[in-house]
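Shown next: my_file_37.cif, containing mmCIF, C-alpha atoms.
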data_target
loop_
_atom_site.label_atom_id
_atom_site.label_comp_id
_atom_site.auth_asym_id
_atom_site.auth_seq_id
_atom_site.Cartn_x
_atom_site.Cartn_y
_atom_site.Cartn_z
CA MET A 285 -93.88 31.42 9.79
CA ARG A 286 -90.53 33.14 10.35
CA THR A 287 -87.41 31.87 8.73
CA THR A 288 -84.60 31.38 11.21
CA PRO A 289 -81.86 33.92 10.45
CA GLY A 290 -78.69 32.37 9.04
CA ARG A 291 -80.24 28.98 8.08
CA PRO A 292 -79.41 29.18 4.33
CA ALA A 293 -75.80 29.86 5.22
CA ARG A 294 -75.75 26.81 7.49
CA LEU A 295 -77.27 24.66 4.73
CA ARG A 296 -74.67 25.82 2.26
CA LEU A 297 -71.91 25.05 4.80
CA VAL A 298 -73.25 21.52 5.35
CA ALA A 299 -73.39 20.93 1.59
CA MET A 300 -69.83 22.11 1.13
CA MET A 301 -68.63 19.91 3.97
CA SER A 302 -70.29 16.88 2.42
CA LEU A 303 -68.69 17.63 -0.93
CA ALA A 304 -65.26 18.02 0.73
CA VAL A 305 -65.65 14.67 2.51
CA SER A 306 -66.55 13.01 -0.79
CA ILE A 307 -63.55 14.52 -2.58
CA ALA A 308 -61.20 13.58 0.27
CA ALA A 309 -62.40 9.97 0.18
CA SER A 310 -61.82 9.83 -3.56
CA VAL A 311 -58.33 11.30 -3.23
CA ALA A 312 -57.51 8.94 -0.40
CA GLY A 313 -58.55 6.02 -2.57
CA CYS A 314 -56.16 7.15 -5.32
CA GLY A 315 -53.45 7.84 -2.78
CA ASP A 316 -53.75 4.35 -1.34
CA ALA A 317 -53.15 2.84 -4.75
CA GLY A 318 -50.09 5.04 -5.26
CA ASP A 319 -48.76 4.32 -1.77
CA SER A 320 -49.02 0.57 -2.29
CA THR A 321 -46.95 0.89 -5.45
CA ASP A 322 -44.32 3.03 -3.71
CA SER A 323 -44.13 0.74 -0.72
CA ALA A 324 -43.68 -2.27 -2.97
CA SER A 325 -40.78 -0.65 -4.78
CA ALA A 326 -39.29 0.64 -1.52
CA SER A 327 -39.34 -2.83 -0.03
CA VAL A 328 -36.81 -4.14 -2.60
CA PRO A 329 -33.64 -2.62 -1.12
CA THR A 330 -33.69 -4.28 2.30
CA SER A 331 -30.11 -3.19 2.97
CA PRO A 332 -27.70 -0.51 1.71
CA GLY A 333 -26.60 -1.26 -1.83
CA ALA A 334 -29.47 -3.68 -2.54
CA SER A 335 -30.77 -1.51 -5.36
CA ALA A 336 -27.38 -1.82 -7.11
CA ALA A 337 -27.49 -5.60 -6.73
CA VAL A 338 -30.59 -5.69 -8.92
CA SER A 339 -28.70 -4.57 -12.05
CA VAL A 340 -25.16 -5.93 -11.37
CA PRO A 341 -25.69 -9.74 -11.32
CA ALA A 342 -26.39 -9.89 -15.04
CA LEU A 343 -22.86 -8.56 -15.71
CA THR A 344 -20.88 -9.83 -12.73
CA PRO A 345 -22.70 -12.68 -10.99
CA PRO A 346 -21.50 -13.23 -7.43
CA PRO A 347 -19.37 -16.31 -6.74
CA THR A 348 -21.07 -19.39 -5.34
CA SER A 349 -18.81 -19.20 -2.30
CA SER A 350 -16.29 -16.79 -0.81
CA VAL A 351 -13.51 -19.35 -1.20
CA ALA A 352 -14.20 -19.88 -4.88
CA GLY A 353 -14.24 -16.14 -5.45
CA THR A 354 -11.05 -15.31 -3.54
CA ALA A 355 -8.47 -17.56 -5.16
CA PRO A 356 -9.04 -16.51 -8.80
CA SER A 357 -9.07 -12.85 -7.76
CA THR A 358 -5.73 -13.20 -6.01
CA ALA A 359 -4.13 -15.01 -8.94
CA ALA A 360 -5.52 -12.62 -11.53
CA SER A 361 -4.47 -9.45 -9.71
CA GLY A 362 -0.96 -10.69 -9.00
CA ASP A 363 -1.44 -9.95 -5.31
CA VAL A 364 1.72 -11.61 -3.94
CA ALA A 365 3.09 -11.09 -0.43
CA ALA A 366 6.20 -9.03 0.22
CA CYS A 367 9.38 -11.09 0.54
CA ALA A 368 10.27 -11.79 4.17
CA ALA A 369 13.90 -11.74 5.26
CA ALA A 370 13.56 -15.34 6.50
CA GLY A 371 12.93 -16.48 2.92
CA LEU A 372 15.81 -14.54 1.34
CA THR A 373 19.58 -14.58 1.12
CA ALA A 374 21.74 -11.53 0.44
CA ALA A 375 25.03 -11.30 -1.45
CA VAL A 376 27.34 -8.60 -2.84
CA ASP A 377 28.75 -9.01 -6.33
CA ASP A 378 30.22 -7.09 -9.28
CA LEU A 379 32.35 -4.79 -7.11
CA GLN A 380 34.27 -2.37 -9.33
CA GLY A 381 36.20 0.84 -8.73
CA ALA A 382 35.64 3.97 -10.83
CA ALA A 383 36.43 7.70 -10.35
CA GLY A 384 36.71 7.73 -6.57
CA HIS A 385 33.86 5.29 -6.03
CA ILE A 386 33.29 1.56 -5.67
CA TYR A 387 30.19 0.22 -7.32
CA GLY A 388 28.58 -3.12 -6.61
CA ARG A 389 25.25 -4.87 -6.49
CA ILE A 390 23.29 -6.18 -3.53
CA VAL A 391 21.45 -9.29 -4.68
CA LEU A 392 18.49 -10.85 -2.90
CA THR A 393 17.51 -14.43 -3.77
CA ASN A 394 14.14 -15.98 -2.96
CA THR A 395 14.91 -19.22 -1.11
CA GLY A 396 11.26 -19.93 -0.30
CA SER A 397 8.77 -22.21 -2.07
CA ALA A 398 6.35 -19.46 -3.17
CA PRO A 399 6.67 -16.25 -5.19
CA CYS A 400 7.13 -13.00 -3.28
CA VAL A 401 7.57 -9.31 -4.11
CA VAL A 402 10.48 -6.94 -3.50
CA ALA A 403 9.48 -3.30 -3.86
CA GLY A 404 11.59 -0.27 -3.03
CA PHE A 405 14.92 0.41 -1.39
CA PRO A 406 16.82 -1.79 1.04
CA GLY A 407 18.30 -0.51 4.26
CA VAL A 408 22.09 -0.93 4.02
CA SER A 409 25.00 -0.30 6.36
CA VAL A 410 28.57 -1.57 6.80
CA VAL A 411 29.27 -3.69 9.89
CA ASP A 412 32.37 -5.15 11.48
CA GLU A 413 33.04 -8.77 12.40
CA ALA A 414 30.97 -8.39 15.56
CA GLY A 415 28.00 -7.06 13.60
CA ARG A 416 28.36 -3.49 14.86
CA GLN A 417 27.42 -0.75 12.40
CA ILE A 418 30.20 1.49 11.10
CA GLY A 419 29.33 5.00 9.97
CA ALA A 420 26.07 6.10 8.40
CA ALA A 421 23.49 3.92 6.67
CA ALA A 422 23.19 4.21 2.90
CA ASP A 423 21.24 7.07 1.35
CA ARG A 424 18.54 6.31 -1.21
CA ASN A 425 19.42 7.20 -4.77
CA GLY A 426 17.10 7.44 -7.79
CA PRO A 427 13.39 6.67 -8.33
CA SER A 428 11.48 4.14 -6.26
CA GLY A 429 11.01 1.81 -9.23
CA ALA A 430 8.44 -0.91 -9.86
CA PRO A 431 7.80 -3.98 -7.67
CA VAL A 432 9.80 -7.07 -8.62
CA THR A 433 8.12 -10.48 -8.28
CA LEU A 434 10.58 -13.23 -7.38
CA ALA A 435 9.70 -16.80 -8.22
CA PRO A 436 11.39 -19.43 -6.03
CA GLY A 437 15.08 -19.04 -6.85
CA GLY A 438 14.47 -15.64 -8.45
CA ARG A 439 16.79 -12.70 -7.81
CA ALA A 440 16.62 -8.91 -7.58
CA GLY A 441 19.54 -6.50 -7.40
CA ALA A 442 20.10 -2.98 -6.04
CA THR A 443 23.13 -0.90 -7.05
CA LEU A 444 25.42 0.17 -4.20
CA ALA A 445 27.79 3.13 -4.55
CA ILE A 446 30.59 3.64 -1.99
CA THR A 447 32.56 6.89 -2.03
CA GLN A 448 36.25 6.31 -1.38
CA PRO A 449 37.66 7.70 1.92
CA GLY A 450 39.66 10.89 1.43
CA LEU A 451 37.05 12.50 -0.78
CA LEU A 452 34.66 13.35 2.03
CA PRO A 453 35.12 15.92 4.81
CA GLY A 454 35.60 14.10 8.10
CA CYS A 455 37.00 11.06 6.37
CA GLU A 456 40.34 12.26 4.99
CA SER A 457 42.83 10.53 7.30
CA ALA A 458 43.47 6.86 8.05
CA ASP A 459 42.43 7.16 11.72
CA GLU A 460 38.99 8.32 10.60
CA THR A 461 38.28 5.05 8.78
CA THR A 462 38.14 1.35 9.55
CA ARG A 463 37.64 -1.73 7.43
CA GLY A 464 34.19 -3.26 7.39
CA THR A 465 33.72 -6.86 6.32
CA ARG A 466 29.99 -7.22 5.72
CA LEU A 467 26.84 -5.34 4.85
CA ARG A 468 23.71 -5.46 6.96
CA VAL A 469 20.77 -5.48 4.56
CA TYR A 470 17.15 -4.86 5.47
CA PRO A 471 14.88 -6.01 2.63
CA PRO A 472 11.99 -3.63 1.90
CA GLU A 473 9.05 -3.95 4.32
CA ASN A 474 11.19 -5.88 6.83
CA ARG A 475 12.47 -5.25 10.34
CA ALA A 476 14.70 -8.32 10.20
CA SER A 477 18.05 -8.06 8.42
CA LEU A 478 20.46 -10.19 6.43
CA LEU A 479 24.27 -10.16 6.37
CA ALA A 480 26.21 -10.15 3.12
CA GLU A 481 29.97 -10.64 2.95
CA VAL A 482 31.93 -7.91 1.15
CA PRO A 483 34.78 -9.51 -0.84
CA GLY A 484 38.02 -7.90 0.40
CA GLY A 485 36.11 -5.70 2.86
CA VAL A 486 35.46 -1.98 2.49
CA GLN A 487 37.29 0.95 4.05
CA THR A 488 34.53 2.81 5.88
CA CYS A 489 34.25 6.24 7.46
CA ARG A 490 33.73 5.96 11.21
CA ASP A 491 31.77 9.20 11.62
CA PRO A 492 27.99 8.59 11.23
CA ALA A 493 27.67 12.19 10.02
CA VAL A 494 29.64 11.26 6.89
CA HIS A 495 27.36 9.73 4.25
CA GLN A 496 29.56 7.44 2.22
CA LEU A 497 27.01 4.94 0.87
CA ALA A 498 24.13 5.27 -1.60
CA VAL A 499 21.76 2.54 -2.80
CA SER A 500 19.21 2.28 -5.60
CA THR A 501 15.87 0.46 -5.68
CA PHE A 502 15.67 -3.22 -6.60
CA GLU A 503 15.45 -4.39 -10.21
CA PRO A 504 15.22 -7.87 -11.75
CA VAL A 505 18.57 -9.63 -12.16
#
Encoding of this model in structure tokens:
Amino acid sequence: MRTTPGRPARLRLVAMMSLAVSIAASVAGCGDAGDSTDSASASVPTSPGASAAVSVPALTPPPTSSVAGTAPSTAASGDVAACAAAGLTAAVDDLQGAAGHIYGRIVLTNTGSAPCVVAGFPGVSVVDEAGRQIGAAADRNGPSGAPVTLAPGGRAGATLAITQPGLLPGCESADETTRGTRLRVYPPENRASLLAEVPGGVQTCRDPAVHQLAVSTFEPV
């Protein structure tokens, strides 16, 4: 009886295929166990940031409601709204002359029922009786400073420096000046303005190219 050529090779191939199938089944069984573990852990973060929420609550538990969480945060951080012009009054005091300048203080008073914050420089210009601006608005002078929280009735002041006419080019003669009676004051972060009377008025350069005024940031008074 003749042996069919190539049969032993085919038998060996079948045996190897059977062994490979057995190994693959075993590996698949192990892989399934591993995949179930991975899928279980992957199912925890159902949304971005969920994995962080697992460890954070023990240290900073979330508030029971958004309302309960907001109020304490606002009070603790001192997050107070900027003072609106409608809740302020403006005045000029402590006017004094020295070395070719007049120095005074622009004072804002909180007339509202809640605290508010003044931070930065005011916008300041001299106006006539009709409310028309005379000359250039005040330049800013000095650092920006820290915010000032005004309780109801609280005050903040900014120093105003006015250079006397005659010391500035374009403002040497009498016909180049006129007397202003009030200051228009824009509190920081406001588009609305306030008017403050200037005791005795102020001789002001007409030319808006002449910068006669300088103002500092607000400080507690």
For this file, the PyMOL selection byres ((chain A and resi 429-442) around 8) selects which residues, as a PDB file with C-alpha atoms, in the frame of the given file?
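Result file is selection_28.pdb:
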ATOM      1  CA  VAL A 364       1.720 -11.610  -3.940  1.00  0.00           C
ATOM      2  CA  ARG A 389      25.250  -4.870  -6.490  1.00  0.00           C
ATOM      3  CA  ILE A 390      23.290  -6.180  -3.530  1.00  0.00           C
ATOM      4  CA  VAL A 391      21.450  -9.290  -4.680  1.00  0.00           C
ATOM      5  CA  LEU A 392      18.490 -10.850  -2.900  1.00  0.00           C
ATOM      6  CA  THR A 393      17.510 -14.430  -3.770  1.00  0.00           C
ATOM      7  CA  ASN A 394      14.140 -15.980  -2.960  1.00  0.00           C
ATOM      8  CA  THR A 395      14.910 -19.220  -1.110  1.00  0.00           C
ATOM      9  CA  GLY A 396      11.260 -19.930  -0.300  1.00  0.00           C
ATOM     10  CA  SER A 397       8.770 -22.210  -2.070  1.00  0.00           C
ATOM     11  CA  ALA A 398       6.350 -19.460  -3.170  1.00  0.00           C
ATOM     12  CA  PRO A 399       6.670 -16.250  -5.190  1.00  0.00           C
ATOM     13  CA  CYS A 400       7.130 -13.000  -3.280  1.00  0.00           C
ATOM     14  CA  VAL A 401       7.570  -9.310  -4.110  1.00  0.00           C
ATOM     15  CA  VAL A 402      10.480  -6.940  -3.500  1.00  0.00           C
ATOM     16  CA  ALA A 403       9.480  -3.300  -3.860  1.00  0.00           C
ATOM     17  CA  GLY A 404      11.590  -0.270  -3.030  1.00  0.00           C
ATOM     18  CA  PHE A 405      14.920   0.410  -1.390  1.00  0.00           C
ATOM     19  CA  PRO A 406      16.820  -1.790   1.040  1.00  0.00           C
ATOM     20  CA  PRO A 427      13.390   6.670  -8.330  1.00  0.00           C
ATOM     21  CA  SER A 428      11.480   4.140  -6.260  1.00  0.00           C
ATOM     22  CA  THR A 443      23.130  -0.900  -7.050  1.00  0.00           C
ATOM     23  CA  LEU A 444      25.420   0.170  -4.200  1.00  0.00           C
ATOM     24  CA  VAL A 499      21.760   2.540  -2.800  1.00  0.00           C
ATOM     25  CA  SER A 500      19.210   2.280  -5.600  1.00  0.00           C
ATOM     26  CA  THR A 501      15.870   0.460  -5.680  1.00  0.00           C
ATOM     27  CA  PHE A 502      15.670  -3.220  -6.600  1.00  0.00           C
ATOM     28  CA  GLU A 503      15.450  -4.390 -10.210  1.00  0.00           C
ATOM     29  CA  PRO A 504      15.220  -7.870 -11.750  1.00  0.00           C
ATOM     30  CA  VAL A 505      18.570  -9.630 -12.160  1.00  0.00           C
TER      31      VAL A 505
END
Name the residues within 9 Å of (13.4, -5.0, 3.7), counting all atoms listed in the file in the file's coordinates, and put them as a list in words.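 Nearby residues: Ala366, Cys367, Ala368, Ala369, Val402, Ala403, Gly404, Phe405, Pro406, Gly407, Val469, Tyr470, Pro471, Pro472, Glu473, Asn474, Arg475, Ala476 and Ser477 of chain A.
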In terms of the shortest atom-to-atom distance over only C-alpha atoms, which of A:Pro492, A:Gly464, A:Gly484, A:Gly371 is closest to Gly415 in chain A?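 Residue with the minimum atom-to-atom distance to Gly415 in chain A: A:Gly464.
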Polymer residues at most 12 Å from (26.1, 5.3, 10.2) by all atoms listed in the file, as a list in words: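 The distance filter leaves exactly Gly407, Val408, Ser409, Val410, Val411, Arg416, Gln417, Ile418, Gly419, Ala420, Ala421, Ala422, Asp423, Leu467, Arg468, Thr488, Cys489, Arg490, Asp491, Pro492, Ala493, Val494, His495, Gln496, Leu497 and Ala498 of chain A.
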When you draw a straight line from CA of Val376 in chain A to CA of Ala445 in chain A, how long is it in Å?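 CA of Val376 in chain A sits 11.9 Å away from CA of Ala445 in chain A.
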Considering all atoms listed in the file, state which residue in the set A:Ala382, A:Asp412, A:Leu452, A:Ala374 is at the smallest distance from Leu479 in chain A.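 Among A:Ala382, A:Asp412, A:Leu452, A:Ala374, it is A:Ala374 that comes nearest to Leu479 in chain A.
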At a cut-off of 12 Å, using all atoms listed in the file, what residues contact Gly381 in chain A? Leave out same-chain residues fewer than 2 positions from it and give the result as a PyMOL selection string. chain A and resi 378-379+383-388+444-448+486
Keeping only C-alpha atoms, take the residues you just selected and write them out as a PDB file, keeping the file's coordinate frame.
ATOM      1  CA  ASP A 378      30.220  -7.090  -9.280  1.00  0.00           C
ATOM      2  CA  LEU A 379      32.350  -4.790  -7.110  1.00  0.00           C
ATOM      3  CA  ALA A 383      36.430   7.700 -10.350  1.00  0.00           C
ATOM      4  CA  GLY A 384      36.710   7.730  -6.570  1.00  0.00           C
ATOM      5  CA  HIS A 385      33.860   5.290  -6.030  1.00  0.00           C
ATOM      6  CA  ILE A 386      33.290   1.560  -5.670  1.00  0.00           C
ATOM      7  CA  TYR A 387      30.190   0.220  -7.320  1.00  0.00           C
ATOM      8  CA  GLY A 388      28.580  -3.120  -6.610  1.00  0.00           C
ATOM      9  CA  LEU A 444      25.420   0.170  -4.200  1.00  0.00           C
ATOM     10  CA  ALA A 445      27.790   3.130  -4.550  1.00  0.00           C
ATOM     11  CA  ILE A 446      30.590   3.640  -1.990  1.00  0.00           C
ATOM     12  CA  THR A 447      32.560   6.890  -2.030  1.00  0.00           C
ATOM     13  CA  GLN A 448      36.250   6.310  -1.380  1.00  0.00           C
ATOM     14  CA  VAL A 486      35.460  -1.980   2.490  1.00  0.00           C
TER      15      VAL A 486
END
Would you work out the distance separating CA of Thr465 in chain A from CA of Glu413 in chain A, expressed in Å to one decimal? 6.4 Å
Kindly give the distance, in Å, that separates CA of Gly485 in chain A and CA of Pro449 in chain A, rounded to a single decimal.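 Between these atoms lies a distance of 13.5 Å.
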Using all atoms listed in the file, can you tell me which of A:Gly450, A:Asp363, A:Arg466, A:Cys455 comes closest to Pro483 in chain A? A:Arg466
As AutoDock Vina command-line options: centre and edge lengths in Å, one decimal, of the axis-aligned box holding range 457-460 of chain A with 5 Å per side:
--center_x 41.2 --center_y 8.7 --center_z 9.5 --size_x 14.5 --size_y 13.7 --size_z 14.4
